[in-house]
Amino acid sequence: MPEGPEIHAQAVRLQFLKGERPRLVSPYLPELERLQGKRVKEVGARGKAFLITFEGNRTLYAHMQLYGRWVFGKPGQVDKTNRQMRLSLGTESQEARLYSATDIEILSTLQQHPYLSKLGPDLLDPGVGLPELKAQLLDRRFSGRRLAGLLLDQSFWAGPGNYLRSEILFCAGLTPETRPRDLSSDQQDQLARIAQGLARRSLKTKGLTNHPKLIQKAKKDGQTRRYYRHWVFNRLGRPCWICQSPIRKEEWGGRRLYRCLECAGGGELEMQFEDVE
Ligand SMILES: [Zn+2]
C-alpha cells in the first residue's frame with residue numbers, strides 16, 4: 001500500500017496540470033463538467049488524497065483507497081489494464097488517468113470533509129514544520145499511546161505507513177512500546193525531525209530511507225536495491241547497518257515491524273546533518 005512518499009511522488013507528477021485548463025473526463029462524476037475549461041491553481045496531496053484546486057476555489061478530491069492507481073501518458077492513450085478508469089485530466093501533451101479509486105468528489109471547502117478533517121499534520125506538506133509535528137506528541141489524545149500504533153494513525157501524523165514506522169523507530173532509537181510522554185523534550189524534537197527527514201528522503205529518492213553514505217558503500221559492494229533500500233524494514237536476518245546484529249521481525253498491530261535489539265539505531269548518523277534531507 002502506498003505511503004506518504006509514494007502519494008506525494010504522484011502529486012509531483014501531477015504538477016504538469018498547474019496553470020493549465022485540462023480536459024476532464026469521468027464517467028462517474030457528471031458534476032465534473034462544472035470544472036471544464038477552468039484553470040488549475042494548485043495540485044497537492046494530503047494523506048492518501050489528491051487535491052486539485054481550480055479557479056473559483058473548487059477542489060477536485062480523489063482518495064486512493066486501497067487500489068487506486070494513476071497512470072501517466074499521452075492524451076487518449078489506451079492503457080493495458082482490466083481496471084476501470086475513474087477520472088482523467090489531460091492537456092495537449094500529457095494525460096493523467098486514475099484507475100479503480102471511486103472516492104472522487106468536488107469540494108468547495110476542505111475544512112469539514114470527513115477524511116481531510118481527521119488527518120494530522122502531513123509529514124510531507126511543505127507548510128508543516130517541526131513545531132506542528134511536536135505538538136501532536138504533546139497532545140493528550142496521543143501522548144499516552146504507544147508509538148507502534150501512533151505511527152500508523154493518520155490522525156496523529158499523516159503519511160507514515162508500515163515501512164516508515166520501522167525506519168523512524170530505528171533511527172530515533174526508540175522501542176515500539178514507547179509513548180510520547182516517556183520522552184524528553186529533546187527526544188521529541190529528534191523524533192519529529194527524523195520522521196520528517198526520512199519521509200522527505202523517501203519522496204526524493206523514490207523510496208530509499210537508508211542513509212546516502214551507507215547506500216553509496218553498499219552499491220560499491222555490488223548489493224541490490226532490496227538489500228540497501230531501508231535501515232531495517234524487510235531486512236529480517238540481515239546485519240544491522242550500525243552493529244551487525246541480525247535484524248528481527250515482530251508484529252505490532254497486526255503488521256510487520258523490523259528492529260535491531262542490540263543497538264541504539266541509526267540516529268547518530270542521521271543527526272550529524274543539519275537537515276536530515
Ligand atoms: Zn543494531
# chains A, B, ... in the order shown; residues from 1 in each chain; ligands from 1
>>> select_by_dssp(residues="stretch 31-232 of chain A", states="strand (DSSP E or B)", output="number ranges by chain")
A: 40-46, 49-54, 58-63, 69-73, 85-90, 95-99, 103-107, 122, 158
>>> residues_near_ligand(ligand="ligand 1", cutoff="12 Å", atoms="only C-alpha atoms and all ligand atoms", output="list in words")
Phe170, Cys171, Gly173, Trp231, Val232, Arg235, Gly237, Arg238, Pro239, Cys240, Trp241, Ile242, Cys243, Gln244, Ser245, Pro246, Ile247, Arg248, Tyr258, Arg259, Cys260, Leu261, Glu262, Cys263, Ala264, Gly265, Gly266 and Gly267 of chain A
>>> write_last_selection(atoms="N, CA and C atoms", output="compact mmCIF listing (two decimals), in the first residue's frame")
# COMPACT_ATOMS: atom_id res chain seq x y z
N PHE A 170 13.67 2.97 14.38
CA PHE A 170 15.08 2.59 14.42
C PHE A 170 15.98 3.83 14.49
N CYS A 171 15.71 4.80 13.65
CA CYS A 171 16.58 5.99 13.62
C CYS A 171 16.42 6.84 14.87
N GLY A 173 15.94 5.52 17.69
CA GLY A 173 16.44 4.69 18.78
C GLY A 173 15.37 4.38 19.81
N TRP A 231 16.86 1.00 6.34
CA TRP A 231 17.67 0.74 7.53
C TRP A 231 17.36 -0.65 8.09
N VAL A 232 16.06 -0.92 8.35
CA VAL A 232 15.70 -2.21 8.95
C VAL A 232 14.54 -2.92 8.24
N ARG A 235 14.37 -6.47 6.27
CA ARG A 235 15.75 -6.94 6.35
C ARG A 235 15.91 -8.05 7.39
N GLY A 237 17.00 -10.90 9.47
CA GLY A 237 18.20 -11.74 9.47
C GLY A 237 19.43 -11.08 8.86
N ARG A 238 19.22 -9.96 8.17
CA ARG A 238 20.38 -9.25 7.60
C ARG A 238 21.11 -8.50 8.71
N PRO A 239 22.39 -8.20 8.51
CA PRO A 239 23.12 -7.48 9.57
C PRO A 239 22.67 -6.03 9.68
N CYS A 240 22.49 -5.59 10.92
CA CYS A 240 22.19 -4.18 11.20
C CYS A 240 23.30 -3.31 10.61
N TRP A 241 22.94 -2.18 10.03
CA TRP A 241 23.94 -1.29 9.42
C TRP A 241 24.87 -0.68 10.46
N ILE A 242 24.39 -0.63 11.71
CA ILE A 242 25.20 0.01 12.75
C ILE A 242 26.03 -1.02 13.53
N CYS A 243 25.38 -2.13 13.97
CA CYS A 243 26.08 -3.02 14.90
C CYS A 243 26.27 -4.44 14.36
N GLN A 244 25.78 -4.71 13.17
CA GLN A 244 25.94 -6.03 12.51
C GLN A 244 25.07 -7.14 13.09
N SER A 245 24.32 -6.88 14.16
CA SER A 245 23.43 -7.93 14.69
C SER A 245 22.31 -8.20 13.69
N PRO A 246 21.79 -9.44 13.68
CA PRO A 246 20.71 -9.71 12.74
C PRO A 246 19.43 -8.93 13.07
N ILE A 247 18.79 -8.40 12.04
CA ILE A 247 17.55 -7.65 12.22
C ILE A 247 16.42 -8.62 12.54
N ARG A 248 15.59 -8.21 13.49
CA ARG A 248 14.46 -9.04 13.93
C ARG A 248 13.15 -8.53 13.35
N TYR A 258 10.17 -4.18 11.94
CA TYR A 258 11.55 -4.68 11.97
C TYR A 258 12.38 -3.80 12.88
N ARG A 259 13.29 -4.45 13.62
CA ARG A 259 14.11 -3.66 14.55
C ARG A 259 15.41 -4.38 14.87
N CYS A 260 16.35 -3.62 15.39
CA CYS A 260 17.57 -4.20 15.92
C CYS A 260 17.45 -4.14 17.43
N LEU A 261 17.68 -5.27 18.10
CA LEU A 261 17.54 -5.29 19.55
C LEU A 261 18.85 -4.97 20.25
N GLU A 262 19.91 -4.80 19.49
CA GLU A 262 21.24 -4.71 20.10
C GLU A 262 21.85 -3.30 20.13
N CYS A 263 21.32 -2.38 19.34
CA CYS A 263 21.98 -1.07 19.32
C CYS A 263 20.96 0.07 19.40
N ALA A 264 21.47 1.27 19.47
CA ALA A 264 20.62 2.44 19.66
C ALA A 264 20.11 3.00 18.34
N GLY A 265 20.36 2.27 17.25
CA GLY A 265 19.78 2.69 15.98
C GLY A 265 20.64 3.65 15.18
N GLY A 266 20.05 4.18 14.11
CA GLY A 266 20.81 4.98 13.16
C GLY A 266 20.78 6.47 13.43
N GLY A 267 20.25 6.85 14.60
CA GLY A 267 20.04 8.28 14.87
C GLY A 267 21.30 9.12 14.82
>>> select_by_dssp(residues="stretch 33-200 of chain A", states="alpha helix (DSSP H)", output="number ranges by chain")
A: 130-138, 140-143, 147-150, 162-172, 185-200
>>> atom_distance(atom1="atom CA of A:Leu66", atom2="atom CA of A:Arg23")
26.2 Å
>>> residues_around(residues="stretch 99-105 of chain A", least_positions_apart="2", cutoff="9 Å", atoms="only C-alpha atoms", output="PyMOL selection string")
chain A and resi 28-29+31-32+59-71+83-88+97+107
>>> write_last_selection(atoms="C-alpha atoms", output="PDB file, in the first residue's frame")
ATOM      1  CA  TYR A  28     -18.836   8.539 -12.689  1.00  0.00           C
ATOM      2  CA  LEU A  29     -18.888  12.188 -11.808  1.00  0.00           C
ATOM      3  CA  GLU A  31     -20.594  17.332 -11.873  1.00  0.00           C
ATOM      4  CA  LEU A  32     -17.073  17.421 -13.227  1.00  0.00           C
ATOM      5  CA  THR A  59     -11.207  21.369  -5.408  1.00  0.00           C
ATOM      6  CA  LEU A  60     -11.264  18.025  -7.104  1.00  0.00           C
ATOM      7  CA  TYR A  61     -10.698  15.446  -4.376  1.00  0.00           C
ATOM      8  CA  ALA A  62      -9.614  11.895  -5.194  1.00  0.00           C
ATOM      9  CA  HIS A  63      -8.795   9.400  -2.458  1.00  0.00           C
ATOM     10  CA  MET A  64      -6.670   6.435  -3.499  1.00  0.00           C
ATOM     11  CA  GLN A  65      -8.409   3.933  -1.195  1.00  0.00           C
ATOM     12  CA  LEU A  66      -6.699   0.547  -1.403  1.00  0.00           C
ATOM     13  CA  TYR A  67      -6.449   0.051  -5.135  1.00  0.00           C
ATOM     14  CA  GLY A  68      -6.308   3.457  -6.778  1.00  0.00           C
ATOM     15  CA  ARG A  69      -3.592   3.997  -9.323  1.00  0.00           C
ATOM     16  CA  TRP A  70      -2.523   6.899 -11.522  1.00  0.00           C
ATOM     17  CA  VAL A  71      -1.195   6.232 -14.988  1.00  0.00           C
ATOM     18  CA  ARG A  83      -9.182  -1.755 -14.189  1.00  0.00           C
ATOM     19  CA  GLN A  84     -11.862   0.858 -14.646  1.00  0.00           C
ATOM     20  CA  MET A  85     -10.820   4.375 -15.429  1.00  0.00           C
ATOM     21  CA  ARG A  86     -12.479   6.734 -12.996  1.00  0.00           C
ATOM     22  CA  LEU A  87     -11.025  10.085 -13.941  1.00  0.00           C
ATOM     23  CA  SER A  88      -8.700  11.621 -16.478  1.00  0.00           C
ATOM     24  CA  ARG A  97      -5.624   8.735 -15.692  1.00  0.00           C
ATOM     25  CA  LEU A 107     -15.366  20.208  -2.777  1.00  0.00           C
TER      26      LEU A 107
END
>>> residues_around(residues="A:Arg39", least_positions_apart="2", cutoff="10 Å", atoms="only C-alpha atoms", output="PyMOL selection string")
chain A and resi 17-22+35-37+41-42+53-56
>>> write_last_selection(atoms="C-alpha atoms", output="PDB file, in the first residue's frame")
ATOM      1  CA  LEU A  17      -1.622  20.397 -14.663  1.00  0.00           C
ATOM      2  CA  LYS A  18      -0.777  23.579 -12.798  1.00  0.00           C
ATOM      3  CA  GLY A  19      -1.734  26.673 -14.782  1.00  0.00           C
ATOM      4  CA  GLU A  20      -3.480  24.554 -17.436  1.00  0.00           C
ATOM      5  CA  ARG A  21      -7.145  24.163 -18.310  1.00  0.00           C
ATOM      6  CA  PRO A  22      -7.250  20.373 -18.513  1.00  0.00           C
ATOM      7  CA  LEU A  35     -14.787  22.461 -13.805  1.00  0.00           C
ATOM      8  CA  GLN A  36     -14.383  22.047 -17.562  1.00  0.00           C
ATOM      9  CA  GLY A  37     -12.350  24.915 -19.019  1.00  0.00           C
ATOM     10  CA  LYS A  41      -4.344  26.723  -9.392  1.00  0.00           C
ATOM     11  CA  GLU A  42      -2.857  24.126  -7.055  1.00  0.00           C
ATOM     12  CA  THR A  53      -7.823  23.154  -6.916  1.00  0.00           C
ATOM     13  CA  PHE A  54      -9.310  25.116  -9.809  1.00  0.00           C
ATOM     14  CA  GLU A  55     -10.004  28.805 -10.233  1.00  0.00           C
ATOM     15  CA  GLY A  56     -13.244  29.599  -8.471  1.00  0.00           C
TER      16      GLY A  56
END
>>> closest_residue(among="A:Leu198, A:Leu269, A:Leu137, A:Leu203", to="A:Ser185", atoms="only C-alpha atoms")
A:Leu137
>>> closest_residue(among="A:Pro114, A:Gly159, A:Gly129, A:Pro75", to="A:Glu95", atoms="only C-alpha atoms")
A:Pro75
